[in-house]
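J.: Coordinates in structure05.pdb, PDB, C-alpha atoms, are listed below.
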ATOM      1  CA  MET K   1     -51.942  13.587  88.524
ATOM      2  CA  LYS K   2     -51.930   9.820  89.164
ATOM      3  CA  LYS K   3     -55.284  10.143  90.972
ATOM      4  CA  ILE K   4     -56.823  11.888  87.965
ATOM      5  CA  ILE K   5     -55.553   9.242  85.547
ATOM      6  CA  PHE K   6     -56.750   6.442  87.878
ATOM      7  CA  THR K   7     -60.185   8.071  88.159
ATOM      8  CA  LEU K   8     -60.437   8.422  84.362
ATOM      9  CA  ILE K   9     -59.450   4.797  83.777
ATOM     10  CA  LEU K  10     -61.911   3.577  86.429
ATOM     11  CA  SER K  11     -64.676   5.701  84.896
ATOM     12  CA  LEU K  12     -64.002   4.265  81.431
ATOM     13  CA  ILE K  13     -64.102   0.710  82.803
ATOM     14  CA  LEU K  14     -67.437   1.371  84.537
ATOM     15  CA  ILE K  15     -68.959   2.983  81.443
ATOM     16  CA  THR K  16     -67.774   0.134  79.211
ATOM     17  CA  SER K  17     -69.040  -2.610  81.528
ATOM     18  CA  THR K  18     -72.400  -0.850  81.979
ATOM     19  CA  SER K  19     -72.802  -0.634  78.188
ATOM     20  CA  TYR K  20     -71.869  -4.309  77.876
ATOM     21  CA  VAL K  21     -74.498  -5.347  80.453
ATOM     22  CA  PHE K  22     -77.130  -3.192  78.706
ATOM     23  CA  ALA K  23     -76.235  -4.750  75.322
ATOM     24  CA  GLN K  24     -76.514  -8.228  76.836
ATOM     25  CA  GLU K  25     -80.026  -7.435  78.114
ATOM     26  CA  ILE K  26     -81.113  -6.309  74.655
ATOM     27  CA  THR K  27     -79.654  -9.483  73.099
ATOM     28  CA  ARG K  28     -81.262 -11.701  75.746
ATOM     29  CA  THR K  29     -84.683 -10.178  75.026
ATOM     30  CA  HIS K  30     -84.210 -10.682  71.288
ATOM     31  CA  ILE K  31     -83.254 -14.341  71.786
ATOM     32  CA  GLU K  32     -86.648 -14.950  73.377
ATOM     33  CA  ASP K  33     -88.307 -13.894  70.118
ATOM     34  CA  PRO K  34     -87.286 -16.634  67.650
ATOM     35  CA  LEU K  35     -87.333 -16.231  63.893
ATOM     36  CA  VAL K  36     -89.383 -18.452  61.597
ATOM     37  CA  ILE K  37     -88.320 -18.894  57.987
ATOM     38  CA  LEU K  38     -91.128 -19.681  55.560
ATOM     39  CA  GLU K  39     -89.526 -21.051  52.412
ATOM     40  CA  THR K  40     -92.273 -20.636  49.808
ATOM     41  CA  THR K  41     -92.602 -21.229  46.092
ATOM     42  CA  GLN K  42     -92.623 -17.436  45.719
ATOM     43  CA  GLY K  43     -89.560 -16.719  47.933
ATOM     44  CA  ASP K  44     -88.675 -16.626  51.636
ATOM     45  CA  ILE K  45     -90.521 -14.808  54.410
ATOM     46  CA  VAL K  46     -88.808 -14.338  57.787
ATOM     47  CA  ILE K  47     -91.080 -13.806  60.792
ATOM     48  CA  GLU K  48     -90.181 -12.783  64.321
ATOM     49  CA  LEU K  49     -92.496 -14.373  66.902
ATOM     50  CA  PHE K  50     -93.593 -12.338  69.928
ATOM     51  CA  HIS K  51     -92.807 -14.336  73.064
ATOM     52  CA  LEU K  52     -94.221 -11.926  75.621
ATOM     53  CA  ASP K  53     -97.313 -10.798  73.734
ATOM     54  CA  ALA K  54     -98.729 -14.189  72.731
ATOM     55  CA  PRO K  55     -96.732 -16.980  74.435
ATOM     56  CA  ASN K  56     -99.195 -19.812  73.748
ATOM     57  CA  HIS K  57     -99.611 -18.879  70.087
ATOM     58  CA  LYS K  58     -95.824 -18.634  69.725
ATOM     59  CA  LYS K  59     -95.347 -22.022  71.402
ATOM     60  CA  ASN K  60     -98.030 -23.608  69.197
ATOM     61  CA  PHE K  61     -96.544 -22.146  65.998
ATOM     62  CA  ILE K  62     -93.034 -23.328  66.883
ATOM     63  CA  LEU K  63     -94.231 -26.826  67.760
ATOM     64  CA  LEU K  64     -96.257 -27.130  64.551
ATOM     65  CA  SER K  65     -93.244 -25.915  62.559
ATOM     66  CA  GLN K  66     -90.924 -28.409  64.244
ATOM     67  CA  LEU K  67     -93.393 -31.225  63.570
ATOM     68  CA  GLY K  68     -93.399 -30.310  59.854
ATOM     69  CA  HIS K  69     -97.106 -29.413  59.938
ATOM     70  CA  TYR K  70     -96.685 -26.380  57.671
ATOM     71  CA  ASP K  71     -94.457 -28.065  55.084
ATOM     72  CA  GLY K  72     -96.344 -28.368  51.779
ATOM     73  CA  ILE K  73     -99.338 -26.260  52.851
ATOM     74  CA  LEU K  74    -100.750 -23.699  50.411
ATOM     75  CA  PHE K  75    -101.672 -20.081  50.920
ATOM     76  CA  HIS K  76    -105.346 -20.739  50.256
ATOM     77  CA  ARG K  77    -106.812 -17.265  50.677
ATOM     78  CA  ILE K  78    -105.423 -14.009  49.297
ATOM     79  CA  ILE K  79    -107.159 -10.649  49.358
ATOM     80  CA  PRO K  80    -105.293  -7.713  47.768
ATOM     81  CA  GLY K  81    -105.139  -4.691  50.059
ATOM     82  CA  PHE K  82    -105.702  -6.930  53.081
ATOM     83  CA  MET K  83    -103.889 -10.226  53.756
ATOM     84  CA  ILE K  84    -102.655 -13.706  52.771
ATOM     85  CA  GLN K  85    -103.752 -16.775  54.774
ATOM     86  CA  SER K  86    -102.246 -20.242  55.196
ATOM     87  CA  GLY K  87    -101.851 -23.083  57.695
ATOM     88  CA  ASP K  88    -104.714 -25.391  56.704
ATOM     89  CA  PRO K  89    -103.509 -28.998  56.210
ATOM     90  CA  ASN K  90    -106.594 -29.647  54.049
ATOM     91  CA  THR K  91    -104.758 -27.799  51.254
ATOM     92  CA  ILE K  92    -102.236 -30.644  50.936
ATOM     93  CA  ASP K  93    -104.621 -33.331  49.732
ATOM     94  CA  GLY K  94    -108.110 -32.335  50.825
ATOM     95  CA  ASP K  95    -111.109 -31.284  48.783
ATOM     96  CA  PRO K  96    -110.714 -27.579  47.863
ATOM     97  CA  ASN K  97    -114.217 -27.046  49.254
ATOM     98  CA  THR K  98    -112.760 -27.786  52.724
ATOM     99  CA  TRP K  99    -109.842 -25.374  52.456
ATOM    100  CA  GLY K 100    -109.972 -22.917  55.347
ATOM    101  CA  GLN K 101    -111.812 -25.342  57.626
ATOM    102  CA  GLY K 102    -108.943 -27.535  58.882
ATOM    103  CA  GLY K 103    -106.033 -27.352  61.239
ATOM    104  CA  ASN K 104    -105.990 -28.013  64.926
ATOM    105  CA  GLY K 105    -103.263 -26.517  67.046
ATOM    106  CA  ALA K 106    -100.435 -28.530  68.521
ATOM    107  CA  LEU K 107    -101.220 -27.593  72.129
ATOM    108  CA  SER K 108    -104.854 -28.583  71.987
ATOM    109  CA  ASP K 109    -107.790 -28.605  69.596
ATOM    110  CA  ARG K 110    -107.938 -24.855  69.967
ATOM    111  CA  ILE K 111    -105.950 -22.044  71.522
ATOM    112  CA  ASP K 112    -107.527 -19.371  73.646
ATOM    113  CA  ALA K 113    -107.196 -15.788  72.433
ATOM    114  CA  GLU K 114    -104.224 -13.762  73.632
ATOM    115  CA  PHE K 115    -105.364 -10.343  72.506
ATOM    116  CA  ASN K 116    -102.702  -7.674  72.931
ATOM    117  CA  ASN K 117    -102.173  -4.020  72.053
ATOM    118  CA  ILE K 118    -100.199  -4.614  68.856
ATOM    119  CA  GLN K 119    -101.991  -3.140  65.865
ATOM    120  CA  HIS K 120    -102.675  -5.113  62.689
ATOM    121  CA  ASN K 121    -100.401  -2.984  60.525
ATOM    122  CA  ARG K 122     -98.679  -4.127  57.343
ATOM    123  CA  GLY K 123     -96.366  -7.063  58.089
ATOM    124  CA  ILE K 124     -98.144  -8.291  61.214
ATOM    125  CA  VAL K 125     -98.741 -12.041  61.587
ATOM    126  CA  SER K 126    -101.976 -12.981  63.324
ATOM    127  CA  MET K 127    -103.868 -16.192  64.042
ATOM    128  CA  ALA K 128    -106.981 -17.037  62.045
ATOM    129  CA  ARG K 129    -109.996 -18.427  63.891
ATOM    130  CA  SER K 130    -113.700 -19.159  63.601
ATOM    131  CA  SER K 131    -116.379 -16.876  65.069
ATOM    132  CA  ASP K 132    -115.302 -18.138  68.525
ATOM    133  CA  PRO K 133    -112.357 -15.977  69.690
ATOM    134  CA  ASN K 134    -110.904 -19.026  71.480
ATOM    135  CA  SER K 135    -110.770 -21.276  68.413
ATOM    136  CA  ALA K 136    -107.317 -20.670  66.916
ATOM    137  CA  GLY K 137    -105.482 -23.723  65.604
ATOM    138  CA  SER K 138    -102.841 -23.728  62.882
ATOM    139  CA  GLN K 139    -104.147 -21.199  60.360
ATOM    140  CA  PHE K 140    -102.561 -17.760  60.312
ATOM    141  CA  PHE K 141    -102.489 -14.686  58.127
ATOM    142  CA  ILE K 142     -99.992 -11.994  57.182
ATOM    143  CA  VAL K 143    -101.399  -8.483  56.885
ATOM    144  CA  THR K 144    -100.341  -6.838  53.606
ATOM    145  CA  ALA K 145    -102.068  -3.497  54.300
ATOM    146  CA  ASP K 146    -102.899  -1.814  57.601
ATOM    147  CA  SER K 147    -106.047  -3.480  58.972
ATOM    148  CA  THR K 148    -106.513  -2.043  62.440
ATOM    149  CA  PHE K 149    -110.206  -3.000  62.455
ATOM    150  CA  LEU K 150    -108.869  -6.473  63.451
ATOM    151  CA  ASP K 151    -107.182  -5.156  66.604
ATOM    152  CA  ARG K 152    -108.133  -7.045  69.777
ATOM    153  CA  GLU K 153    -110.308  -9.361  67.655
ATOM    154  CA  TYR K 154    -107.480 -11.627  66.458
ATOM    155  CA  THR K 155    -104.253 -12.590  68.236
ATOM    156  CA  VAL K 156    -101.119 -10.916  66.886
ATOM    157  CA  PHE K 157     -98.152 -13.215  67.490
ATOM    158  CA  GLY K 158     -95.441 -12.086  65.092
ATOM    159  CA  GLU K 159     -94.188  -9.718  62.431
ATOM    160  CA  VAL K 160     -92.492 -10.135  59.062
ATOM    161  CA  MET K 161     -88.866  -9.029  59.350
ATOM    162  CA  GLU K 162     -87.871  -9.870  55.762
ATOM    163  CA  GLY K 163     -89.868 -10.867  52.714
ATOM    164  CA  MET K 164     -92.823  -8.491  52.566
ATOM    165  CA  ASP K 165     -92.053  -8.309  48.850
ATOM    166  CA  VAL K 166     -92.815 -12.062  48.757
ATOM    167  CA  ALA K 167     -96.094 -11.525  50.661
ATOM    168  CA  ASP K 168     -96.949  -8.766  48.154
ATOM    169  CA  LYS K 169     -96.175 -11.138  45.277
ATOM    170  CA  ILE K 170     -98.492 -13.774  46.782
ATOM    171  CA  VAL K 171    -101.351 -11.353  47.520
ATOM    172  CA  ASN K 172    -101.243 -10.099  43.921
ATOM    173  CA  LEU K 173    -101.423 -13.522  42.258
ATOM    174  CA  PRO K 174    -104.489 -14.120  40.070
ATOM    175  CA  ARG K 175    -107.318 -15.505  42.215
ATOM    176  CA  ASP K 176    -110.691 -17.115  41.759
ATOM    177  CA  GLN K 177    -114.075 -15.993  43.128
ATOM    178  CA  THR K 178    -113.291 -17.655  46.503
ATOM    179  CA  ASP K 179    -110.029 -15.651  46.884
ATOM    180  CA  CYS K 180    -107.935 -18.766  46.230
ATOM    181  CA  PRO K 181    -104.752 -18.132  44.215
ATOM    182  CA  GLN K 182    -104.808 -19.584  40.716
ATOM    183  CA  GLU K 183    -101.028 -19.979  40.754
ATOM    184  CA  GLU K 184     -99.300 -22.095  43.376
ATOM    185  CA  ALA K 185     -98.228 -20.311  46.545
ATOM    186  CA  LYS K 186     -96.978 -23.039  48.860
ATOM    187  CA  MET K 187     -94.873 -23.224  52.015
ATOM    188  CA  ILE K 188     -92.188 -25.720  50.978
ATOM    189  CA  LYS K 189     -90.408 -25.808  54.351
ATOM    190  CA  VAL K 190     -90.833 -23.898  57.624
ATOM    191  CA  THR K 191     -87.875 -23.731  60.011
ATOM    192  CA  ILE K 192     -87.118 -22.069  63.346
ATOM    193  CA  SER K 193     -83.934 -20.046  63.782
ATOM    194  CA  ASN K 194     -82.662 -18.400  66.982
TER     195      ASN K 194
END
Would you write the structure of this file as structure tokens?
T.:
Amino acid sequence: MKKIIFTLILSLILITSTSYVFAQEITRTHIEDPLVILETTQGDIVIELFHLDAPNHKKNFILLSQLGHYDGILFHRIIPGFMIQSGDPNTIDGDPNTWGQGGNGALSDRIDAEFNNIQHNRGIVSMARSSDPNSAGSQFFIVTADSTFLDREYTVFGEVMEGMDVADKIVNLPRDQTDCPQEEAKMIKVTISN
């Protein structure tokens, strides 16, 4: 009888410790994907960055956020049924005719593409660029409706975890003929949280 009880206790200890190790591995993986909080004039958006899928884009976005690059920048392009775009420092005090043309990355003048297999579905965060696939800088967009035609053309580097209602509010603001919102949609403060 003592052998049976000993075997049961030992089995429970092994099962518990195995579950604990497995839970630690899940937590450790999650820690590598930091959260970014976009505090906007329309509400907060929380984004999880993908460390393994786009490490250079993630690193660039974190560095720009820590440097305060995104603080005060407008969402300068909104297209209902598609996306909202931000990250251009020209929107702080530049000529509106230059909005969408500014913003170098923190790592270099441009970041090479890191295309991955993540689809551009609603809530995905992807890096904007020029016609050169290796020209990403600081501008990014949040997909508000599935847009898989962008897959492997733009680098996906994150996903909205909370605040898609805020993204929906922004994308549905009145806009002019250049898709610029006619009401202010600004990133007040961008912070990194682990």
J.: Once the PyMOL selection byres ((chain K and resi 174) around 12) has been applied to the shown file, what residues remain in the selection, as a list in words?
T.: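 Answer for the PyMOL selection byres ((chain K and resi 174) around 12): Arg77, Ile78, Ile79, Pro80, Lys169, Ile170, Val171, Asn172, Leu173, Arg175, Asp176, Gln177, Thr178, Asp179, Cys180, Pro181, Gln182, Glu183, Glu184 and Ala185 of chain K.
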J.: Please expand the PyMOL selection byres ((chain K and resi 36-48) around 8) into the concrete residues it hits in this file, giving the result as a VMD selection string.
T.: chain K and resid 33 to 35 49 to 50 125 158 to 164 166 to 167 169 to 170 184 to 193
J.: So how far away is CA of Ile142 in chain K from CA of Met83 in chain K, in Å?
T.: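 CA of Ile142 in chain K lies at a distance of 5.5 Å from CA of Met83 in chain K.
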J.: Enumerate, as a list of chain:residue names, the residues matched when the PyMOL selection byres ((chain K and resi 128) around 8) is run on the file above.
T.: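 For this structure, the PyMOL selection byres ((chain K and resi 128) around 8) captures K:Gln85, K:Ser126, K:Met127, K:Arg129, K:Ser130, K:Ala136, K:Gly137, K:Ser138, K:Gln139, K:Phe140, K:Phe141, K:Tyr154.
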J.: Given the choices K:Asn56, K:Asn104, K:Asn194, K:Gln119, which gets closest to Leu150 in chain K if the distance is worked out from all atoms listed in the file?
T.: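 Closest to Leu150 in chain K of all the choices is K:Gln119.
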J.: Taking into account only C-alpha atoms, which residue in the set K:Asp151, K:Ser135, K:Ala54, K:Pro96 is nearest to His120 in chain K?
T.: K:Asp151
J.: In Å to one decimal, how far is CA of Leu52 in chain K from CA of Arg110 in chain K?
T.: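 Separation between CA of Arg110 in chain K and CA of Leu52 in chain K: 19.7 Å.
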J.: Smallest atom-to-atom distance to Phe157 in chain K: which of K:Asn121, K:Asn90, K:Thr98, K:Asn116, using all atoms listed in the file?
T.: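 Looking only at the distances to Phe157 in chain K, the closest residue turns out to be K:Asn116.
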J.: Is there a way to get, as a PyMOL selection string, all residues within 7 Å of the point (-101.3, -5.1, 61.4) in file coordinates, counting only C-alpha atoms?
T.: chain K and resi 119-124+143+146-148
J.: Quick one: write out the picked residues with C-alpha atoms as a compact mmCIF listing (two decimals), in the coordinates of the input?
T.:
# COMPACT_ATOMS: atom_id res chain seq x y z
CA GLN K 119 -101.99 -3.14 65.86
CA HIS K 120 -102.68 -5.11 62.69
CA ASN K 121 -100.40 -2.98 60.52
CA ARG K 122 -98.68 -4.13 57.34
CA GLY K 123 -96.37 -7.06 58.09
CA ILE K 124 -98.14 -8.29 61.21
CA VAL K 143 -101.40 -8.48 56.88
CA ASP K 146 -102.90 -1.81 57.60
CA SER K 147 -106.05 -3.48 58.97
CA THR K 148 -106.51 -2.04 62.44
J.: Using all atoms listed in the file, which protein or nucleic acid residues come within 9 Å of Glu153 in chain K? Drop anything in the same chain fewer than 4 positions from it, and give the result as JSON, numbers by chain.
T.: {"K": [113, 115, 133, 149]}
J.: Grab the CA of Asp53 in chain K to CA of Gly102 in chain K distance for me, in Å with one decimal place.
T.: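 Straight-line distance from CA of Asp53 in chain K to CA of Gly102 in chain K works out to 25.2 Å.
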J.: Box along x, y and z, 8 Å on every side, all listed atoms of range 177-180 of chain K inside: centre and edge lengths in Å to one decimal, as lines of an AutoDock Vina configuration file.
T.:
center_x = -111.0
center_y = -17.2
center_z = 45.0
size_x = 22.1
size_y = 19.1
size_z = 19.8
J.: Check the smallest atom-to-atom distance from each of K:Asp93, K:His51, K:Asp88, K:His57 to Asn134 in chain K using all atoms listed in the file, then report the winner.
T.: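 So, comparing all the options, the nearest one is K:His57.
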J.: Under the rule that all atoms listed in the file are counted, which of K:Val156, K:Asp165, K:Ser65, K:Tyr70 is the nearest residue to Asn117 in chain K?
T.: K:Val156
